[in-house]
>>> print(open('structure_10.txt').read())   # compact mmCIF, C-alpha atoms and all ligand atoms
# COMPACT_ATOMS: atom_id res chain seq x y z
CA MET A 1 138.64 123.66 194.68
CA THR A 2 139.44 127.15 195.90
CA ASP A 3 138.36 129.35 198.75
CA LEU A 4 136.35 131.40 196.26
CA ASP A 5 134.46 128.28 195.12
CA ASP A 6 133.54 127.43 198.72
CA LYS A 7 132.28 130.95 199.31
CA ALA A 8 130.23 130.85 196.11
CA ARG A 9 128.54 127.59 197.12
CA ALA A 10 127.85 129.02 200.59
CA ILE A 11 126.12 132.04 199.01
CA LEU A 12 123.83 129.84 196.92
CA ARG A 13 122.89 127.93 200.08
CA LEU A 14 122.46 131.18 202.03
CA ASN A 15 120.02 132.58 199.46
CA ASP A 16 118.23 129.25 198.91
CA LYS A 17 114.63 129.49 200.11
CA GLY A 18 113.83 125.87 199.22
CA GLY A 19 113.06 125.45 195.53
CA TYR A 20 113.92 129.01 194.64
CA THR A 21 116.79 131.39 195.36
CA LEU A 22 116.70 135.07 196.29
CA PRO A 23 119.11 137.31 194.34
CA THR A 24 120.26 138.70 197.71
CA HIS A 25 118.73 139.18 201.14
CA GLY A 26 117.28 142.63 201.84
CA LEU A 27 117.44 144.37 198.46
CA TYR A 28 115.68 141.62 196.44
CA PRO A 29 113.65 139.36 198.78
CA TYR A 30 111.76 137.40 196.06
CA GLN A 31 112.37 135.07 193.13
CA TRP A 32 113.52 136.86 189.98
CA ASN A 33 113.18 135.30 186.55
CA TRP A 34 116.59 135.42 184.91
CA ASP A 35 118.42 135.41 188.24
CA SER A 36 116.84 132.01 188.88
CA ALA A 37 117.99 130.66 185.55
CA PHE A 38 121.59 131.63 186.40
CA ALA A 39 121.17 130.18 189.89
CA ALA A 40 120.20 126.87 188.27
CA TRP A 41 123.40 126.91 186.21
CA GLY A 42 125.44 127.46 189.37
CA PHE A 43 123.61 124.80 191.40
CA ALA A 44 124.15 122.30 188.59
CA THR A 45 127.90 122.36 189.30
CA PHE A 46 127.37 120.64 192.66
CA ASP A 47 123.68 119.70 193.03
CA ASN A 48 122.01 118.85 189.71
CA PRO A 49 118.51 118.02 191.10
CA ARG A 50 118.45 121.36 192.93
CA ALA A 51 119.17 123.09 189.62
CA TRP A 52 116.07 121.50 188.08
CA ASP A 53 114.01 122.49 191.14
CA GLU A 54 114.95 126.12 190.54
CA LEU A 55 113.81 126.00 186.90
CA ASP A 56 110.61 124.14 187.87
CA THR A 57 109.67 126.76 190.44
CA LEU A 58 110.30 129.54 187.95
CA MET A 59 108.23 127.95 185.18
CA ALA A 60 105.42 127.06 187.61
CA SER A 61 104.64 130.80 187.72
CA GLN A 62 103.86 130.86 184.00
CA TRP A 63 100.69 132.71 183.00
CA PRO A 64 98.07 131.04 180.77
CA SER A 65 99.32 133.26 177.92
CA GLY A 66 102.77 131.65 178.16
CA MET A 67 104.39 134.74 179.70
CA VAL A 68 106.76 134.00 182.60
CA PRO A 69 106.76 136.89 185.09
CA HIS A 70 109.87 138.71 186.19
CA ILE A 71 109.18 138.49 189.95
CA ILE A 72 107.37 135.77 191.92
CA PHE A 73 106.28 137.01 195.33
CA HIS A 74 106.32 133.71 197.21
CA LYS A 75 106.23 135.32 200.65
CA VAL A 76 105.33 138.97 201.10
CA ASP A 77 108.25 141.09 202.30
CA PRO A 78 107.81 144.81 203.04
CA GLY A 79 111.48 145.40 202.19
CA TYR A 80 110.83 145.60 198.43
CA PHE A 81 108.88 148.12 196.37
CA PRO A 82 106.81 147.66 194.21
CA GLY A 83 105.28 144.64 195.95
CA PRO A 84 102.36 142.42 194.88
CA ASP A 85 99.64 144.99 195.70
CA VAL A 86 101.11 147.51 193.30
CA TRP A 87 101.23 144.95 190.49
CA GLY A 88 97.71 143.65 191.16
CA THR A 89 98.02 140.71 188.77
CA GLY A 90 95.70 138.37 190.70
CA GLN A 91 98.04 135.40 190.26
CA THR A 92 98.71 132.67 192.86
CA PRO A 93 101.40 132.98 194.07
CA PRO A 94 101.36 136.71 193.29
CA THR A 95 103.65 137.81 190.48
CA SER A 96 104.65 140.94 188.61
CA GLY A 97 102.96 141.55 185.24
CA ILE A 98 106.02 141.82 183.01
CA THR A 99 108.75 139.41 181.97
CA GLN A 100 112.58 139.31 181.68
CA PRO A 101 115.14 138.09 179.12
CA PRO A 102 114.32 134.44 178.28
CA VAL A 103 117.62 132.88 179.20
CA ALA A 104 115.98 129.84 180.85
CA ALA A 105 116.18 127.49 177.83
CA THR A 106 119.88 128.28 177.46
CA MET A 107 120.46 127.56 181.14
CA ALA A 108 118.30 124.42 180.98
CA ARG A 109 120.49 123.15 178.17
CA LEU A 110 123.66 123.82 180.18
CA VAL A 111 122.18 122.09 183.24
CA TRP A 112 120.98 119.14 181.17
CA GLU A 113 124.33 118.68 179.42
CA MET A 114 126.07 118.37 182.79
CA ASP A 115 124.08 115.19 183.51
CA PRO A 116 121.87 114.21 180.55
CA ASP A 117 120.59 110.86 181.85
CA ALA A 118 119.59 112.11 185.29
CA GLY A 119 117.98 115.23 183.82
CA ARG A 120 115.94 113.67 181.02
CA ASP A 121 112.61 113.41 182.87
CA ARG A 122 113.05 116.82 184.43
CA LEU A 123 113.75 118.30 181.01
CA ALA A 124 110.79 116.51 179.44
CA ALA A 125 108.47 118.05 182.05
CA LEU A 126 109.90 121.54 181.57
CA TYR A 127 110.05 121.56 177.78
CA PRO A 128 106.37 122.35 177.00
CA LYS A 129 106.49 125.33 179.34
CA LEU A 130 109.64 126.71 177.77
CA LEU A 131 108.06 126.18 174.36
CA ALA A 132 104.94 128.11 175.41
CA TRP A 133 107.07 130.99 176.68
CA HIS A 134 109.02 131.16 173.41
CA ARG A 135 105.73 131.09 171.47
CA TRP A 136 104.52 134.01 173.57
CA TRP A 137 107.68 135.96 172.74
CA HIS A 138 107.23 135.25 169.04
CA GLU A 139 103.52 136.03 168.87
CA VAL A 140 103.25 138.90 171.36
CA ARG A 141 106.61 140.61 171.46
CA CYS A 142 108.24 140.01 168.09
CA THR A 143 105.41 141.47 166.03
CA HIS A 144 107.67 144.40 165.05
CA GLY A 145 110.57 142.05 164.23
CA PRO A 146 113.17 142.24 167.03
CA ALA A 147 112.09 141.52 170.61
CA ALA A 148 110.18 144.42 172.15
CA ILE A 149 110.01 145.32 175.82
CA VAL A 150 107.19 147.27 177.48
CA HIS A 151 109.10 148.32 180.62
CA PRO A 152 112.84 148.92 181.16
CA TRP A 153 112.70 146.28 183.93
CA GLU A 154 111.95 143.68 181.26
CA SER A 155 115.40 144.18 179.75
CA GLY A 156 117.04 143.36 183.09
CA ARG A 157 119.33 146.34 182.31
CA ASP A 158 116.93 148.66 184.05
CA ASN A 159 118.35 152.20 183.88
CA CYS A 160 120.88 151.78 181.07
CA PRO A 161 121.08 154.76 178.68
CA ASP A 162 119.43 152.62 175.95
CA TRP A 163 116.03 153.44 177.45
CA ASP A 164 116.47 157.19 177.96
CA ILE A 165 114.63 158.16 174.76
CA GLY A 166 111.71 155.86 175.54
CA MET A 167 111.54 156.97 179.16
CA ALA A 168 111.46 160.63 178.06
CA GLY A 169 108.05 159.88 176.54
CA VAL A 170 106.62 158.50 179.81
CA ASP A 171 104.87 161.12 181.92
CA GLY A 172 105.60 160.20 185.53
CA SER A 173 104.16 163.39 187.00
CA SER A 174 100.80 162.01 188.10
CA VAL A 175 102.02 158.92 189.93
CA GLY A 176 100.64 158.62 193.48
CA PRO A 177 102.80 158.78 196.60
CA TYR A 178 105.05 155.77 197.25
CA THR A 179 108.11 154.85 199.29
CA ARG A 180 111.09 153.26 197.63
CA ARG A 181 112.85 150.53 199.58
CA ASP A 182 115.94 149.95 197.41
CA THR A 183 117.62 153.18 198.51
CA GLY A 184 117.31 152.03 202.14
CA HIS A 185 119.45 148.99 201.32
CA VAL A 186 122.19 150.47 199.13
CA ASP A 187 123.81 153.83 198.35
CA PRO A 188 121.14 155.81 196.42
CA ASP A 189 123.81 157.06 194.02
CA MET A 190 124.22 153.47 192.81
CA ARG A 191 120.48 153.20 192.04
CA PRO A 192 118.03 154.70 189.50
CA THR A 193 116.78 158.26 190.12
CA LYS A 194 113.39 159.33 191.53
CA GLU A 195 112.36 160.46 188.02
CA ASP A 196 113.16 156.93 186.78
CA TYR A 197 111.02 155.39 189.53
CA ASP A 198 108.08 157.75 188.88
CA ARG A 199 108.12 156.53 185.29
CA TYR A 200 108.66 152.85 186.21
CA ILE A 201 105.57 152.98 188.45
CA THR A 202 103.53 154.88 185.85
CA ILE A 203 104.14 152.04 183.37
CA VAL A 204 103.16 149.47 186.01
CA GLU A 205 99.95 151.41 186.69
CA PHE A 206 99.08 151.36 182.99
CA GLY A 207 99.44 147.56 182.93
CA ARG A 208 97.37 147.11 186.07
CA ASN A 209 94.64 149.45 184.79
CA CYS A 210 94.22 147.46 181.57
CA GLY A 211 94.17 144.14 183.43
CA TRP A 212 97.61 143.24 182.09
CA ASP A 213 96.19 142.79 178.60
CA ASP A 214 99.13 142.01 176.29
CA LYS A 215 97.69 143.67 173.19
CA THR A 216 96.67 146.90 174.94
CA ILE A 217 100.10 147.19 176.55
CA VAL A 218 101.95 146.69 173.25
CA ASP A 219 99.59 148.87 171.19
CA GLU A 220 98.95 151.69 173.65
CA GLY A 221 101.32 151.43 176.60
CA PRO A 222 103.58 154.31 177.61
CA PHE A 223 106.81 152.51 176.66
CA LEU A 224 107.73 150.19 173.77
CA MET A 225 111.30 149.66 172.62
CA SER A 226 113.27 147.04 170.70
CA ASP A 227 115.90 145.59 173.00
CA PRO A 228 119.07 144.19 171.39
CA GLY A 229 119.96 142.31 174.60
CA THR A 230 116.63 140.51 174.83
CA THR A 231 116.61 139.90 171.08
CA PHE A 232 119.98 138.13 171.22
CA VAL A 233 119.13 136.18 174.37
CA LEU A 234 115.89 135.00 172.71
CA LEU A 235 117.61 134.13 169.43
CA ARG A 236 120.19 132.07 171.29
CA ALA A 237 117.53 130.48 173.50
CA HIS A 238 115.48 129.46 170.45
CA ARG A 239 118.53 127.54 169.25
CA ASP A 240 119.04 125.88 172.64
CA LEU A 241 115.36 125.01 172.94
CA ALA A 242 115.47 123.38 169.49
CA VAL A 243 118.45 121.27 170.58
CA LEU A 244 116.58 120.19 173.72
CA GLY A 245 113.43 119.43 171.72
CA GLN A 246 115.36 117.30 169.26
CA ALA A 247 116.99 115.38 172.11
CA LEU A 248 113.50 114.62 173.41
CA GLY A 249 112.33 113.49 169.96
CA HIS A 250 110.06 116.46 169.20
CA ASP A 251 109.52 118.22 165.89
CA VAL A 252 111.29 121.55 166.33
CA SER A 253 110.57 123.11 162.93
CA GLN A 254 108.35 125.78 164.47
CA ILE A 255 111.12 126.94 166.81
CA GLU A 256 113.47 127.06 163.84
CA GLU A 257 110.97 129.27 162.01
CA TRP A 258 110.76 131.65 164.99
CA ALA A 259 114.55 131.83 165.09
CA ALA A 260 114.81 132.48 161.34
CA ALA A 261 112.22 135.28 161.55
CA LEU A 262 114.07 136.88 164.45
CA ARG A 263 117.43 136.64 162.71
CA SER A 264 116.04 138.25 159.57
CA ALA A 265 114.85 141.20 161.72
CA LEU A 266 118.33 142.01 163.07
CA PRO A 267 119.05 144.72 160.43
CA GLN A 268 116.26 146.76 162.08
CA ILE A 269 118.36 147.15 165.22
CA TRP A 270 121.67 147.79 163.44
CA ASN A 271 122.44 151.50 163.72
CA PRO A 272 124.95 152.45 160.99
CA ALA A 273 125.66 155.80 162.66
CA LEU A 274 126.71 153.99 165.84
CA GLY A 275 128.42 151.08 164.10
CA ALA A 276 126.61 148.71 166.43
CA TYR A 277 123.31 147.13 167.35
CA ASP A 278 121.16 149.68 169.12
CA ALA A 279 117.87 149.96 171.01
CA ARG A 280 115.02 151.56 169.12
CA ASN A 281 111.92 153.42 170.26
CA LEU A 282 109.04 151.64 168.52
CA ARG A 283 106.69 154.59 169.08
CA THR A 284 108.88 156.92 166.98
CA GLY A 285 111.34 154.69 165.10
CA ALA A 286 114.29 156.58 166.64
CA PHE A 287 117.50 154.82 167.62
CA ALA A 288 118.85 155.35 171.14
CA ASN A 289 122.23 156.21 169.58
CA VAL A 290 124.14 154.85 172.53
CA LEU A 291 126.16 151.69 172.89
CA GLY A 292 125.09 149.31 175.67
CA SER A 293 126.25 145.86 176.75
CA GLY A 294 123.08 144.33 175.27
CA ALA A 295 124.58 144.88 171.82
CA PHE A 296 127.49 142.57 172.64
CA LEU A 297 125.12 139.70 173.39
CA ALA A 298 125.11 139.44 169.59
CA TYR A 299 128.12 137.13 170.01
CA LEU A 300 125.96 134.76 172.04
CA ALA A 301 123.58 134.54 169.10
CA GLY A 302 126.30 134.21 166.45
CA ALA A 303 125.50 137.70 165.14
CA GLY A 304 128.82 139.48 165.71
CA ASN A 305 130.71 141.32 162.96
CA THR A 306 133.94 143.26 162.56
CA GLU A 307 132.36 146.67 163.17
CA LEU A 308 130.95 145.40 166.46
CA ASP A 309 134.38 143.94 167.31
CA THR A 310 135.84 147.43 167.00
CA GLN A 311 133.22 148.91 169.34
CA LEU A 312 133.67 146.07 171.81
CA MET A 313 137.42 146.61 172.09
CA ARG A 314 136.99 150.38 172.31
CA VAL A 315 134.67 150.24 175.35
CA TRP A 316 136.48 147.32 176.98
CA ASP A 317 139.95 148.87 176.65
CA ALA A 318 138.63 152.08 178.24
CA VAL A 319 138.13 150.25 181.59
CA SER A 320 140.06 147.69 183.65
CA TYR A 321 137.54 145.20 185.02
CA GLY A 322 135.27 143.44 182.59
CA ILE A 323 132.85 144.79 180.02
CA PRO A 324 131.09 147.99 181.09
CA SER A 325 127.30 148.03 180.85
CA ALA A 326 127.38 151.36 179.00
CA ASP A 327 129.85 153.26 176.83
CA PRO A 328 132.59 154.86 179.02
CA GLU A 329 133.06 157.57 176.40
CA ALA A 330 129.37 158.61 176.35
CA PRO A 331 128.21 161.57 178.49
CA SER A 332 125.60 159.30 180.15
CA PHE A 333 128.30 156.98 181.57
CA HIS A 334 128.42 156.60 185.36
CA SER A 335 130.85 153.99 186.64
CA ARG A 336 128.84 153.08 189.77
CA LYS A 337 125.24 153.77 188.79
CA TYR A 338 123.74 150.36 188.23
CA TRP A 339 123.30 149.73 184.50
CA ARG A 340 124.81 153.05 183.35
CA GLY A 341 128.38 151.78 183.37
CA PRO A 342 129.25 149.12 185.98
CA SER A 343 130.64 145.70 185.14
CA TRP A 344 128.26 142.83 185.91
CA PRO A 345 129.94 139.43 186.48
CA PHE A 346 126.91 137.38 185.36
CA LEU A 347 126.76 139.26 182.07
CA ASN A 348 130.51 138.86 181.62
CA ALA A 349 130.02 135.09 181.93
CA LEU A 350 127.29 135.11 179.29
CA LEU A 351 129.39 137.22 176.94
CA ALA A 352 132.33 134.86 177.45
CA ILE A 353 130.25 131.97 176.10
CA GLY A 354 129.68 134.02 172.96
CA PHE A 355 133.39 134.86 172.59
CA THR A 356 134.45 131.23 173.01
CA GLU A 357 131.95 130.06 170.42
CA ASN A 358 133.13 132.73 168.00
CA GLY A 359 136.69 131.42 168.16
CA ARG A 360 137.86 134.10 170.62
CA ALA A 361 138.86 132.01 173.63
CA ASP A 362 141.47 134.69 174.33
CA LEU A 363 138.74 137.27 174.97
CA ALA A 364 136.79 134.82 177.14
CA GLU A 365 139.95 134.23 179.18
CA ARG A 366 140.59 137.95 179.59
CA LEU A 367 137.02 138.44 180.77
CA ARG A 368 137.29 135.58 183.22
CA ALA A 369 140.57 136.92 184.64
CA GLU A 370 139.20 140.46 185.06
CA THR A 371 136.03 139.14 186.67
CA GLU A 372 138.04 136.93 189.02
CA MET A 373 140.09 139.95 190.12
CA MET A 374 136.91 141.77 191.19
CA LEU A 375 135.66 138.75 193.14
CA GLN A 376 139.06 138.10 194.77
CA LYS A 377 139.29 141.71 195.89
CA HIS A 378 135.79 142.14 197.32
CA GLY A 379 133.61 139.03 197.10
CA PHE A 380 130.38 138.29 195.26
CA TRP A 381 128.75 141.71 194.81
CA GLU A 382 125.91 142.54 192.47
CA TYR A 383 128.07 144.74 190.21
CA PHE A 384 131.41 146.56 190.27
CA ASP A 385 132.94 149.83 189.17
CA PRO A 386 134.78 148.83 185.95
CA LEU A 387 137.47 151.47 186.55
CA ASP A 388 138.64 150.48 190.04
CA ALA A 389 136.64 147.32 190.92
CA ALA A 390 134.80 149.06 193.79
CA PRO A 391 131.97 146.76 194.94
CA CYS A 392 128.44 148.09 194.25
CA GLY A 393 124.79 147.23 194.93
CA GLY A 394 123.95 144.14 196.99
CA ALA A 395 126.46 141.77 198.63
CA ASP A 396 126.51 137.93 198.59
CA PHE A 397 124.72 137.96 195.27
CA THR A 398 123.31 134.75 193.82
CA TRP A 399 124.07 135.10 190.12
CA THR A 400 127.58 136.41 190.80
CA ALA A 401 128.29 133.31 192.90
CA ALA A 402 126.55 131.01 190.40
CA ILE A 403 128.53 132.09 187.36
CA TRP A 404 131.78 131.86 189.29
CA LEU A 405 131.13 128.17 189.94
CA THR A 406 130.63 127.58 186.22
CA TRP A 407 133.89 129.40 185.55
CA ALA A 408 135.92 127.77 188.35
CA ARG A 409 138.63 125.33 187.38
C1 LIG B 1 117.44 144.51 189.01
O1 LIG B 1 116.08 144.85 188.75
C2 LIG B 1 115.06 144.98 189.77
C3 LIG B 1 113.73 145.13 189.05
O2 LIG B 1 113.48 143.97 188.32
C4 LIG B 1 115.21 146.16 190.69
O3 LIG B 1 116.15 146.96 190.56
O4 LIG B 1 114.35 146.29 191.58
C5 LIG B 1 118.11 144.21 187.65
O5 LIG B 1 119.51 144.18 187.77
C6 LIG B 1 117.59 142.89 187.08
O6 LIG B 1 118.31 142.53 185.93
C7 LIG B 1 117.68 141.77 188.11
O7 LIG B 1 117.05 140.63 187.61
C8 LIG B 1 117.06 142.17 189.46
C9 LIG B 1 117.35 141.15 190.56
O8 LIG B 1 118.73 140.86 190.65
O9 LIG B 1 117.58 143.43 189.91
>>> encode(input="structure_10.txt", output="structure tokens", more="lines below")
Ligand code: 2M8
Amino acid sequence: MTDLDDKARAILRLNDKGGYTLPTHGLYPYQWNWDSAFAAWGFATFDNPRAWDELDTLMASQWPSGMVPHIIFHKVDPGYFPGPDVWGTGQTPPTSGITQPPVAATMARLVWEMDPDAGRDRLAALYPKLLAWHRWWHEVRCTHGPAAIVHPWESGRDNCPDWDIGMAGVDGSSVGPYTRRDTGHVDPDMRPTKEDYDRYITIVEFGRNCGWDDKTIVDEGPFLMSDPGTTFVLLRAHRDLAVLGQALGHDVSQIEEWAAALRSALPQIWNPALGAYDARNLRTGAFANVLGSGAFLAYLAGAGNTELDTQLMRVWDAVSYGIPSADPEAPSFHSRKYWRGPSWPFLNALLAIGFTENGRADLAERLRAETEMMLQKHGFWEYFDPLDAAPCGGADFTWTAAIWLTWAR
């Protein structure tokens, strides 16, 4: 047990609101979808029942459609924009109207494997909800093949260059007046621009105005792009959900069919000109033509190849601390601007699982060592400059602490 482990556990306790965990105080004062799944993984290293509580609270917010929202507003806090009134979803507790990468089944499997006997009943109760969410993804968001997102926030990689071509088609000029809160918490240069926010809110307004109708949003909404990151997370999660279902004695053939359909759609997001998986604007068919860290989640889904290996080593060797969220050699790269370049410890941990499973334990070890250096230098920040390890975004961050505990020795 090291000093870093103790600090990581203290951060999970600090951000624990009883049944759910805030990503960080101030900047993100609510429960976030995929943050919670990572929090569960971290809690499972020292408090397995608390890990299941986290997943339960997340899945309790599920909509009748099966969608699991990206934010759950348990207790209104004026420190975050856009809050529940802007979303206007009419849910109790209030939620946002969009989702996030479905990593929960993967995390549920990791939590369950740490203590299978104790977790069996908890897993059995959660399973139908996870299944309904995966069905929603298949039926609502995989109709074009790969997983589609209707808002950059759904990718979890909010302002990465992948979305620039889709965002260019969103007219943010008629959005009403609003006050951002994020730039009051952290250096505005580390956050998305005002033009980004005008467009983010315009997409939210479209959803609210159509009563959050799935079909209208997919067919007519201002933004629709294939996301490699979400596609690979979903493909991997289908596999994990099938393993969990089998362990519970369920027939999992339907999940296997969803996974097979998704896998057969992967050529649609392979961009030969880029030599990598790439985001695609589903309104025009155009590729983003820019490499982002979502492409490397292919390893997590067993979909890596030698061309992707070359791209991975090119972008990784161009920096010193972990895998950058965007291509350091692209003009859009910004080493401290959120998802346009920084290294994200939680994503490094997810990528390391993929490397290990693909027989590249050496790469997983390099990633762990580089991530540890950032944490040793500065603590558990939201993200870091991959060139000099400068700490960025929010401090005492839940998923950064959580993944460290799973990586500790
Ligand atoms: C960031 O996104 C939120 C919107 O969802 C924001 O900037 O307000 C992203 O990094 C996302 O992946 C993450 O889940 C969230 C909370 O940590 O923050």
>>> residues_around(input="structure_10.txt", residues="A:Glu205", least_positions_apart="4", cutoff="10 Å", atoms="all atoms listed in the file", output="list of chain:residue names")
A:Val86, A:Trp87, A:Gly88, A:Val175, A:Gly176, A:Arg199, A:Tyr200, A:Ile201, A:Asn209, A:Cys210, A:Gly211, A:Trp212
>>> residues_around(input="structure_10.txt", residues="A:Ala318", least_positions_apart="5", cutoff="9 Å", atoms="all atoms listed in the file", output="mmCIF file with C-alpha atoms, in the coordinates of the input")
data_model
loop_
_atom_site.group_PDB
_atom_site.id
_atom_site.type_symbol
_atom_site.label_atom_id
_atom_site.label_comp_id
_atom_site.auth_asym_id
_atom_site.auth_seq_id
_atom_site.Cartn_x
_atom_site.Cartn_y
_atom_site.Cartn_z
ATOM 1 C CA MET A 313 137.420 146.610 172.090
ATOM 2 C CA ASP A 327 129.850 153.260 176.830
ATOM 3 C CA PRO A 328 132.590 154.860 179.020
ATOM 4 C CA GLU A 329 133.060 157.570 176.400
ATOM 5 C CA LEU A 387 137.470 151.470 186.550
#
>>> residues_near_ligand(input="structure_10.txt", ligand="ligand LIG 1 (chain B)", cutoff="8 Å", atoms="only C-alpha atoms and all ligand atoms", output="list in words")
Pro23, Thr24, Leu27, Tyr28, Trp32, Asn33, Trp34, Asp35, His70, Ile71, Tyr80, Phe81, Gln100, Trp153, Glu154, Ser155, Gly156, Arg157, Asp158, Asp182, Arg191, Tyr338, Trp339, Glu382 and Trp399 of chain A
>>> residues_around(input="structure_10.txt", residues="stretch 126-143 of chain A", least_positions_apart="4", cutoff="8 Å", atoms="all atoms listed in the file", output="ChimeraX atom specification")
/A:55-56,59,62,65-68,102,104-105,122,147-149,214-215,218,234,238,241,244-245,258,262
>>> closest_residue(input="structure_10.txt", among="A:Asp385, A:Asp309, A:Asp362, A:Asp219", to="A:Pro345", atoms="all atoms listed in the file")
A:Asp385
>>> closest_residue(input="structure_10.txt", among="A:Ala261, A:Leu224, A:Leu291, A:Val186", to="A:Gly275", atoms="only C-alpha atoms")
A:Leu291
>>> residues_around(input="structure_10.txt", residues="A:Val233", least_positions_apart="4", cutoff="8 Å", atoms="only C-alpha atoms", output="compact mmCIF listing (two decimals) with C-alpha atoms, in the coordinates of the input")
# COMPACT_ATOMS: atom_id res chain seq x y z
CA PRO A 101 115.14 138.09 179.12
CA PRO A 102 114.32 134.44 178.28
CA VAL A 103 117.62 132.88 179.20
CA GLY A 229 119.96 142.31 174.60
CA ALA A 237 117.53 130.48 173.50
CA LEU A 297 125.12 139.70 173.39
CA LEU A 300 125.96 134.76 172.04
CA ALA A 301 123.58 134.54 169.10
>>> atom_distance(input="structure_10.txt", atom1="atom CA of A:Arg336", atom2="atom CA of A:Met190")
5.5 Å
>>> closest_residue(input="structure_10.txt", among="A:Thr356, A:Leu351, A:Thr2, A:Trp63", to="A:Ile403", atoms="only C-alpha atoms")
A:Leu351
>>> closest_residue(input="structure_10.txt", among="A:Asp77, A:Glu365, A:Glu54, A:Asp85", to="A:Ala349", atoms="all atoms listed in the file")
A:Glu365
>>> atom_distance(input="structure_10.txt", atom1="atom CA of A:Phe333", atom2="atom CA of A:Asp162")
11.4 Å
>>> closest_residue(input="structure_10.txt", among="A:Asp388, A:Asp189, A:Asp396, A:Asp3", to="A:Gln376", atoms="all atoms listed in the file")
A:Asp3
>>> atom_distance(input="structure_10.txt", atom1="atom CA of A:Ser96", atom2="atom CA of A:Ala279")
23.8 Å
>>> residues_around(input="structure_10.txt", residues="A:Ala168", least_positions_apart="3", cutoff="12 Å", atoms="only C-alpha atoms", output="PyMOL selection string")
chain A and resi 161-165+171-173+195-196+198-200+222-224+281+283-284+288
>>> closest_residue(input="structure_10.txt", among="A:Cys160, A:Ala408, A:Ala39, A:Val76", to="A:Ala369", atoms="only C-alpha atoms")
A:Ala408
